[in-house]
>>> print(open('target-v2.pdb').read())   # PDB, C-alpha atoms
ATOM      1  CA  MET A 578     106.578  92.422 205.985  1.00  0.00           C
ATOM      2  CA  SER A 579     106.338  88.926 207.205  1.00  0.00           C
ATOM      3  CA  ILE A 580     110.024  88.408 206.516  1.00  0.00           C
ATOM      4  CA  SER A 581     110.965  91.588 208.319  1.00  0.00           C
ATOM      5  CA  GLN A 582     108.680  90.697 211.226  1.00  0.00           C
ATOM      6  CA  SER A 583     110.177  87.231 211.522  1.00  0.00           C
ATOM      7  CA  LEU A 584     113.664  88.711 211.256  1.00  0.00           C
ATOM      8  CA  SER A 585     112.943  91.277 213.966  1.00  0.00           C
ATOM      9  CA  GLU A 586     111.446  88.569 216.181  1.00  0.00           C
ATOM     10  CA  ARG A 587     114.557  86.445 215.712  1.00  0.00           C
ATOM     11  CA  ILE A 588     116.766  89.403 216.620  1.00  0.00           C
ATOM     12  CA  ARG A 589     114.676  90.137 219.721  1.00  0.00           C
ATOM     13  CA  SER A 590     114.795  86.506 220.831  1.00  0.00           C
ATOM     14  CA  ALA A 591     118.574  86.438 220.272  1.00  0.00           C
ATOM     15  CA  LEU A 592     118.946  89.626 222.330  1.00  0.00           C
ATOM     16  CA  GLY A 593     116.692  88.109 225.008  1.00  0.00           C
ATOM     17  CA  LYS A 594     118.926  85.038 225.085  1.00  0.00           C
ATOM     18  CA  ILE A 595     121.974  87.270 225.461  1.00  0.00           C
ATOM     19  CA  LYS A 596     120.368  88.917 228.494  1.00  0.00           C
ATOM     20  CA  ASN A 597     119.634  85.479 229.888  1.00  0.00           C
ATOM     21  CA  ILE A 598     123.217  84.416 229.177  1.00  0.00           C
ATOM     22  CA  ARG A 599     124.507  87.513 230.983  1.00  0.00           C
ATOM     23  CA  LEU A 600     122.289  86.666 233.940  1.00  0.00           C
ATOM     24  CA  ILE A 601     123.523  83.060 233.951  1.00  0.00           C
ATOM     25  CA  VAL A 602     127.158  84.176 233.726  1.00  0.00           C
ATOM     26  CA  PHE A 603     126.616  86.702 236.520  1.00  0.00           C
ATOM     27  CA  LEU A 604     124.996  84.065 238.760  1.00  0.00           C
ATOM     28  CA  GLY A 605     127.811  81.614 237.955  1.00  0.00           C
ATOM     29  CA  ILE A 606     130.454  84.166 238.953  1.00  0.00           C
ATOM     30  CA  ALA A 607     128.533  85.018 242.149  1.00  0.00           C
ATOM     31  CA  GLY A 608     128.319  81.302 242.983  1.00  0.00           C
ATOM     32  CA  MET A 609     132.078  80.871 242.495  1.00  0.00           C
ATOM     33  CA  ILE A 610     132.759  83.834 244.785  1.00  0.00           C
ATOM     34  CA  ILE A 611     130.478  82.366 247.475  1.00  0.00           C
ATOM     35  CA  ILE A 612     132.228  78.985 247.198  1.00  0.00           C
ATOM     36  CA  LEU A 613     135.624  80.695 247.422  1.00  0.00           C
ATOM     37  CA  LEU A 614     134.569  82.647 250.508  1.00  0.00           C
ATOM     38  CA  SER A 615     133.101  79.543 252.149  1.00  0.00           C
ATOM     39  CA  GLU A 616     136.462  77.804 251.723  1.00  0.00           C
ATOM     40  CA  LEU A 617     138.181  80.659 253.551  1.00  0.00           C
ATOM     41  CA  ILE A 618     135.709  81.023 256.448  1.00  0.00           C
ATOM     42  CA  PRO A 619     135.237  77.460 257.849  1.00  0.00           C
ATOM     43  CA  PRO A 620     138.845  76.902 259.020  1.00  0.00           C
ATOM     44  CA  ALA A 621     138.487  79.811 261.463  1.00  0.00           C
ATOM     45  CA  VAL A 622     135.136  78.478 262.704  1.00  0.00           C
ATOM     46  CA  LYS A 623     136.490  74.926 263.019  1.00  0.00           C
ATOM     47  CA  LYS A 624     139.546  76.199 264.860  1.00  0.00           C
ATOM     48  CA  THR A 625     137.475  77.899 267.553  1.00  0.00           C
ATOM     49  CA  LYS A 626     135.332  74.785 267.971  1.00  0.00           C
ATOM     50  CA  ASN A 627     138.442  72.594 268.309  1.00  0.00           C
ATOM     51  CA  THR A 628     140.032  74.883 270.873  1.00  0.00           C
ATOM     52  CA  GLN A 629     136.811  74.916 272.878  1.00  0.00           C
ATOM     53  CA  THR A 630     136.589  71.129 272.951  1.00  0.00           C
ATOM     54  CA  ALA A 631     140.306  70.800 273.588  1.00  0.00           C
ATOM     55  CA  GLN A 632     140.149  73.108 276.577  1.00  0.00           C
ATOM     56  CA  SER A 633     139.997  71.076 279.738  1.00  0.00           C
ATOM     57  CA  PHE A 634     137.453  71.576 282.457  1.00  0.00           C
ATOM     58  CA  SER A 635     138.693  73.870 285.137  1.00  0.00           C
ATOM     59  CA  GLN A 636     138.938  72.602 288.700  1.00  0.00           C
ATOM     60  CA  ASN A 637     135.694  74.407 289.600  1.00  0.00           C
ATOM     61  CA  ASP A 638     133.818  72.901 286.642  1.00  0.00           C
ATOM     62  CA  TYR A 639     135.016  69.425 287.575  1.00  0.00           C
ATOM     63  CA  CYS A 640     134.007  69.853 291.243  1.00  0.00           C
ATOM     64  CA  GLY A 641     130.681  71.437 290.317  1.00  0.00           C
ATOM     65  CA  ARG A 642     129.758  68.621 287.952  1.00  0.00           C
ATOM     66  CA  LEU A 643     130.667  65.932 290.527  1.00  0.00           C
ATOM     67  CA  GLU A 644     128.866  67.785 293.334  1.00  0.00           C
ATOM     68  CA  LYS A 645     125.657  67.868 291.284  1.00  0.00           C
ATOM     69  CA  GLU A 646     125.937  64.170 290.458  1.00  0.00           C
ATOM     70  CA  ILE A 647     126.499  63.241 294.123  1.00  0.00           C
ATOM     71  CA  GLN A 648     123.616  65.504 295.217  1.00  0.00           C
ATOM     72  CA  LEU A 649     121.288  63.728 292.778  1.00  0.00           C
ATOM     73  CA  LEU A 650     122.503  60.333 293.975  1.00  0.00           C
ATOM     74  CA  LEU A 651     122.182  61.129 297.675  1.00  0.00           C
ATOM     75  CA  GLY A 652     118.786  62.771 297.153  1.00  0.00           C
ATOM     76  CA  LYS A 653     117.447  59.368 296.084  1.00  0.00           C
ATOM     77  CA  ILE A 654     118.421  57.708 299.388  1.00  0.00           C
ATOM     78  CA  ASN A 655     115.474  57.300 301.765  1.00  0.00           C
ATOM     79  CA  GLY A 656     115.596  59.828 304.614  1.00  0.00           C
ATOM     80  CA  VAL A 657     118.235  62.159 303.142  1.00  0.00           C
ATOM     81  CA  GLY A 658     115.810  64.871 301.976  1.00  0.00           C
ATOM     82  CA  ARG A 659     117.325  68.104 300.729  1.00  0.00           C
ATOM     83  CA  VAL A 660     121.084  67.820 300.330  1.00  0.00           C
ATOM     84  CA  ASN A 661     124.108  70.016 299.665  1.00  0.00           C
ATOM     85  CA  VAL A 662     127.521  68.612 298.719  1.00  0.00           C
ATOM     86  CA  MET A 663     130.970  70.197 298.654  1.00  0.00           C
ATOM     87  CA  LEU A 664     134.098  68.504 297.305  1.00  0.00           C
ATOM     88  CA  THR A 665     137.731  69.401 297.793  1.00  0.00           C
ATOM     89  CA  VAL A 666     140.337  68.300 295.283  1.00  0.00           C
ATOM     90  CA  GLU A 667     144.111  68.244 295.133  1.00  0.00           C
ATOM     91  CA  GLY A 668     145.907  69.523 292.067  1.00  0.00           C
ATOM     92  CA  THR A 669     144.500  70.139 288.632  1.00  0.00           C
ATOM     93  CA  GLU A 670     143.591  68.122 285.585  1.00  0.00           C
ATOM     94  CA  GLU A 671     146.582  66.508 283.883  1.00  0.00           C
ATOM     95  CA  THR A 672     146.761  65.660 280.179  1.00  0.00           C
ATOM     96  CA  VAL A 673     148.984  62.790 279.054  1.00  0.00           C
ATOM     97  CA  TYR A 674     150.023  62.889 275.403  1.00  0.00           C
ATOM     98  CA  ALA A 675     150.758  59.805 273.291  1.00  0.00           C
ATOM     99  CA  GLN A 676     154.441  59.181 272.605  1.00  0.00           C
ATOM    100  CA  GLN A 677     156.328  57.076 270.123  1.00  0.00           C
ATOM    101  CA  ASN A 678     159.455  55.328 271.387  1.00  0.00           C
ATOM    102  CA  LYS A 679     162.306  54.544 269.019  1.00  0.00           C
ATOM    103  CA  SER A 680     165.294  52.443 270.041  1.00  0.00           C
ATOM    104  CA  SER A 681     168.428  51.941 268.035  1.00  0.00           C
ATOM    105  CA  LYS A 682     171.360  49.674 268.855  1.00  0.00           C
ATOM    106  CA  SER A 683     174.793  49.988 267.381  1.00  0.00           C
ATOM    107  CA  GLU A 684     177.695  47.609 267.855  1.00  0.00           C
ATOM    108  CA  ASN A 685     181.284  48.505 267.063  1.00  0.00           C
ATOM    109  CA  GLY A 686     183.413  45.463 267.643  1.00  0.00           C
ATOM    110  CA  GLU A 687     183.727  45.169 271.423  1.00  0.00           C
ATOM    111  CA  SER A 688     181.493  48.089 272.405  1.00  0.00           C
ATOM    112  CA  SER A 689     177.785  48.545 271.880  1.00  0.00           C
ATOM    113  CA  SER A 690     175.468  51.433 272.543  1.00  0.00           C
ATOM    114  CA  GLN A 691     171.732  51.887 272.643  1.00  0.00           C
ATOM    115  CA  GLN A 692     169.873  55.107 271.955  1.00  0.00           C
ATOM    116  CA  ASP A 693     166.270  55.664 272.988  1.00  0.00           C
ATOM    117  CA  GLU A 694     164.280  58.496 271.492  1.00  0.00           C
ATOM    118  CA  ASN A 695     160.805  59.551 272.577  1.00  0.00           C
ATOM    119  CA  SER A 696     158.691  61.844 270.462  1.00  0.00           C
ATOM    120  CA  TYR A 697     155.085  62.987 270.695  1.00  0.00           C
ATOM    121  CA  ILE A 698     152.568  61.736 268.159  1.00  0.00           C
ATOM    122  CA  PHE A 699     150.898  64.554 266.248  1.00  0.00           C
ATOM    123  CA  ILE A 700     147.691  64.481 264.253  1.00  0.00           C
ATOM    124  CA  GLN A 701     146.755  66.960 261.586  1.00  0.00           C
ATOM    125  CA  GLU A 702     143.245  68.294 261.867  1.00  0.00           C
ATOM    126  CA  SER A 703     141.970  70.980 259.513  1.00  0.00           C
ATOM    127  CA  GLY A 704     145.502  72.081 258.717  1.00  0.00           C
ATOM    128  CA  ASP A 705     146.662  72.344 262.350  1.00  0.00           C
ATOM    129  CA  LYS A 706     149.041  69.901 264.003  1.00  0.00           C
ATOM    130  CA  GLU A 707     147.997  68.853 267.493  1.00  0.00           C
ATOM    131  CA  ALA A 708     149.491  66.344 269.911  1.00  0.00           C
ATOM    132  CA  LEU A 709     147.400  63.180 270.318  1.00  0.00           C
ATOM    133  CA  VAL A 710     145.850  63.002 273.794  1.00  0.00           C
ATOM    134  CA  GLU A 711     146.303  59.568 275.335  1.00  0.00           C
ATOM    135  CA  LYS A 712     144.353  60.216 278.533  1.00  0.00           C
ATOM    136  CA  VAL A 713     143.195  62.931 280.893  1.00  0.00           C
ATOM    137  CA  ILE A 714     143.753  62.447 284.630  1.00  0.00           C
ATOM    138  CA  ASN A 715     141.254  64.283 286.826  1.00  0.00           C
ATOM    139  CA  PRO A 716     142.340  65.848 290.133  1.00  0.00           C
ATOM    140  CA  ALA A 717     142.228  63.602 293.196  1.00  0.00           C
ATOM    141  CA  ILE A 718     139.279  64.114 295.545  1.00  0.00           C
ATOM    142  CA  THR A 719     140.587  64.777 299.050  1.00  0.00           C
ATOM    143  CA  GLY A 720     137.386  65.426 300.998  1.00  0.00           C
ATOM    144  CA  VAL A 721     133.592  65.510 300.856  1.00  0.00           C
ATOM    145  CA  VAL A 722     131.126  67.451 303.006  1.00  0.00           C
ATOM    146  CA  VAL A 723     127.447  66.469 302.906  1.00  0.00           C
ATOM    147  CA  VAL A 724     124.792  68.557 304.653  1.00  0.00           C
ATOM    148  CA  CYS A 725     121.235  67.190 304.475  1.00  0.00           C
ATOM    149  CA  ASP A 726     117.875  67.019 306.240  1.00  0.00           C
ATOM    150  CA  GLY A 727     118.487  63.477 307.519  1.00  0.00           C
ATOM    151  CA  GLY A 728     122.062  64.123 308.637  1.00  0.00           C
ATOM    152  CA  ASP A 729     121.167  63.528 312.297  1.00  0.00           C
ATOM    153  CA  ASN A 730     119.856  59.973 311.681  1.00  0.00           C
ATOM    154  CA  ALA A 731     122.550  57.287 312.160  1.00  0.00           C
ATOM    155  CA  LYS A 732     121.125  54.983 309.469  1.00  0.00           C
ATOM    156  CA  VAL A 733     120.952  57.787 306.917  1.00  0.00           C
ATOM    157  CA  ARG A 734     124.488  58.908 307.777  1.00  0.00           C
ATOM    158  CA  GLU A 735     125.809  55.367 307.239  1.00  0.00           C
ATOM    159  CA  SER A 736     124.076  55.192 303.856  1.00  0.00           C
ATOM    160  CA  ILE A 737     125.628  58.528 302.886  1.00  0.00           C
ATOM    161  CA  TYR A 738     129.119  57.452 303.999  1.00  0.00           C
ATOM    162  CA  ASN A 739     128.837  54.237 301.972  1.00  0.00           C
ATOM    163  CA  ALA A 740     127.396  55.899 298.863  1.00  0.00           C
ATOM    164  CA  VAL A 741     130.002  58.678 298.791  1.00  0.00           C
ATOM    165  CA  SER A 742     132.895  56.353 299.623  1.00  0.00           C
ATOM    166  CA  VAL A 743     132.008  53.866 296.886  1.00  0.00           C
ATOM    167  CA  SER A 744     131.043  56.367 294.172  1.00  0.00           C
ATOM    168  CA  LEU A 745     134.071  58.666 294.614  1.00  0.00           C
ATOM    169  CA  ASN A 746     136.605  56.140 295.968  1.00  0.00           C
ATOM    170  CA  VAL A 747     137.170  58.308 299.050  1.00  0.00           C
ATOM    171  CA  PRO A 748     137.868  56.761 302.474  1.00  0.00           C
ATOM    172  CA  ALA A 749     135.171  57.305 305.119  1.00  0.00           C
ATOM    173  CA  ASN A 750     137.514  59.416 307.261  1.00  0.00           C
ATOM    174  CA  LYS A 751     137.574  62.024 304.438  1.00  0.00           C
ATOM    175  CA  ILE A 752     133.755  62.365 304.460  1.00  0.00           C
ATOM    176  CA  PHE A 753     131.780  64.602 306.822  1.00  0.00           C
ATOM    177  CA  VAL A 754     127.982  64.413 307.142  1.00  0.00           C
ATOM    178  CA  ALA A 755     125.889  66.972 309.045  1.00  0.00           C
ATOM    179  CA  GLU A 756     122.232  67.932 309.418  1.00  0.00           C
ATOM    180  CA  LEU A 757     120.841  71.021 307.714  1.00  0.00           C
ATOM    181  CA  GLU A 758     120.277  73.920 310.063  1.00  0.00           C
ATOM    182  CA  LYS A 759     116.733  74.035 311.503  1.00  0.00           C
ATOM    183  CA  ALA A 760     116.253  77.649 310.340  1.00  0.00           C
ATOM    184  CA  ASN A 761     117.006  76.561 306.763  1.00  0.00           C
ATOM    185  CA  LYS A 762     114.348  73.859 306.989  1.00  0.00           C
ATOM    186  CA  LYS A 763     111.664  76.447 307.818  1.00  0.00           C
ATOM    187  CA  GLN A 764     112.759  78.951 305.147  1.00  0.00           C
ATOM    188  CA  SER A 765     112.872  76.460 302.261  1.00  0.00           C
TER     189      SER A 765
END
>>> encode(input="target-v2.pdb", output="structure tokens")
Amino acid sequence: MSISQSLSERIRSALGKIKNIRLIVFLGIAGMIIILLSELIPPAVKKTKNTQTAQSFSQNDYCGRLEKEIQLLLGKINGVGRVNVMLTVEGTEETVYAQQNKSSKSENGESSSQQDENSYIFIQESGDKEALVEKVINPAITGVVVVCDGGDNAKVRESIYNAVSVSLNVPANKIFVAELEKANKKQS
């Protein structure tokens, strides 16, 4: 019986190993399927991220961001107090793409000609070809309105004119400064 017991134990252990092998094979196949699916999914995710970063700020986003920055700056000037800023801009954001210039000269005896060819430079990112952005030109600021608590004080107004003019490169005649309404002072 000891031989039959050892034989049956060997058979059981071999069958147990087969079950383990099946489990290992199953897990290996599942892993390969997950890897295959992960290769298919990321390009779509990357594409949406790229299009979101490639999208330019709208005119309102640009103005809103600058207005907040100027409000923070002016709020730090002594005597300004609470402040509201409004900007006006001309046009929209402009994107300039990088170009490659090729020139070729040909001479035929007495005559010569020159051909110039411009083409955009493309980069390949995650399988998509996109034009290389050289620079982005923001819309020109055409006017600034500042309404603040200290808008009636001549010294404060001068400080505001100077700060806005220098920070936004806007001439003083395109800047208007006024005092906040008295009713607003009491409500806030």
>>> residues_around(input="target-v2.pdb", residues="Cys725 (chain A)", least_positions_apart="6", cutoff="12 Å", atoms="all atoms listed in the file", output="list in words")
Gln648, Leu651, Gly652, Ile654, Asn655, Gly656, Val657, Gly658, Arg659, Val660, Asn661, Val662, Met663, Val733, Arg734, Ile737, Phe753, Val754, Ala755, Glu756, Leu757, Glu758, Lys759, Asn761 and Lys762 of chain A
>>> closest_residue(input="target-v2.pdb", among="A:Gln692, A:Thr672, A:Asn739, A:Thr665", to="Gly720 (chain A)", atoms="all atoms listed in the file")
A:Thr665
>>> atom_distance(input="target-v2.pdb", atom1="CA of Ser681 (chain A)", atom2="CA of Ala708 (chain A)")
23.9 Å
>>> resolve_selection(input="target-v2.pdb", expression="the PyMOL selection byres ((chain A and resi 696) around 9)", output="list in words")
Ala675, Gln676, Gln677, Asn678, Lys679, Glu694, Asn695, Tyr697 and Ile698 of chain A
>>> atom_distance(input="target-v2.pdb", atom1="CA of Ile714 (chain A)", atom2="CA of Leu650 (chain A)")
23.3 Å
>>> atom_distance(input="target-v2.pdb", atom1="CA of Lys645 (chain A)", atom2="CA of Leu664 (chain A)")
10.4 Å
>>> resolve_selection(input="target-v2.pdb", expression="the PyMOL selection byres ((chain A and resi 691) around 10)", output="JSON list (two decimals) with C-alpha atoms, keeping the file's coordinate frame")
[["chain", "number", "residue", "atom", "x", "y", "z"],
["A", 680, "SER", "CA", 165.29, 52.44, 270.04],
["A", 681, "SER", "CA", 168.43, 51.94, 268.04],
["A", 682, "LYS", "CA", 171.36, 49.67, 268.86],
["A", 683, "SER", "CA", 174.79, 49.99, 267.38],
["A", 684, "GLU", "CA", 177.70, 47.61, 267.86],
["A", 689, "SER", "CA", 177.78, 48.54, 271.88],
["A", 690, "SER", "CA", 175.47, 51.43, 272.54],
["A", 692, "GLN", "CA", 169.87, 55.11, 271.96],
["A", 693, "ASP", "CA", 166.27, 55.66, 272.99]]
>>> closest_residue(input="target-v2.pdb", among="A:Ser590, A:Asn730, A:Asn715, A:Asn746", to="Cys640 (chain A)", atoms="all atoms listed in the file")
A:Asn715
>>> resolve_selection(input="target-v2.pdb", expression="the PyMOL selection byres ((chain A and resi 752) around 8)", output="PDB file with C-alpha atoms, keeping the file's coordinate frame")
ATOM      1  CA  GLY A 720     137.386  65.426 300.998  1.00  0.00           C
ATOM      2  CA  VAL A 721     133.592  65.510 300.856  1.00  0.00           C
ATOM      3  CA  VAL A 722     131.126  67.451 303.006  1.00  0.00           C
ATOM      4  CA  VAL A 723     127.447  66.469 302.906  1.00  0.00           C
ATOM      5  CA  TYR A 738     129.119  57.452 303.999  1.00  0.00           C
ATOM      6  CA  VAL A 741     130.002  58.678 298.791  1.00  0.00           C
ATOM      7  CA  SER A 742     132.895  56.353 299.623  1.00  0.00           C
ATOM      8  CA  VAL A 747     137.170  58.308 299.050  1.00  0.00           C
ATOM      9  CA  PRO A 748     137.868  56.761 302.474  1.00  0.00           C
ATOM     10  CA  ALA A 749     135.171  57.305 305.119  1.00  0.00           C
ATOM     11  CA  ASN A 750     137.514  59.416 307.261  1.00  0.00           C
ATOM     12  CA  LYS A 751     137.574  62.024 304.438  1.00  0.00           C
ATOM     13  CA  PHE A 753     131.780  64.602 306.822  1.00  0.00           C
ATOM     14  CA  VAL A 754     127.982  64.413 307.142  1.00  0.00           C
TER      15      VAL A 754
END
>>> closest_residue(input="target-v2.pdb", among="A:Tyr674, A:Ile647, A:Asp726, A:Leu614", to="Lys712 (chain A)", atoms="only C-alpha atoms")
A:Tyr674
>>> closest_residue(input="target-v2.pdb", among="A:Ile601, A:Ile700, A:Ile606, A:Ile718", to="Gln636 (chain A)", atoms="only C-alpha atoms")
A:Ile718
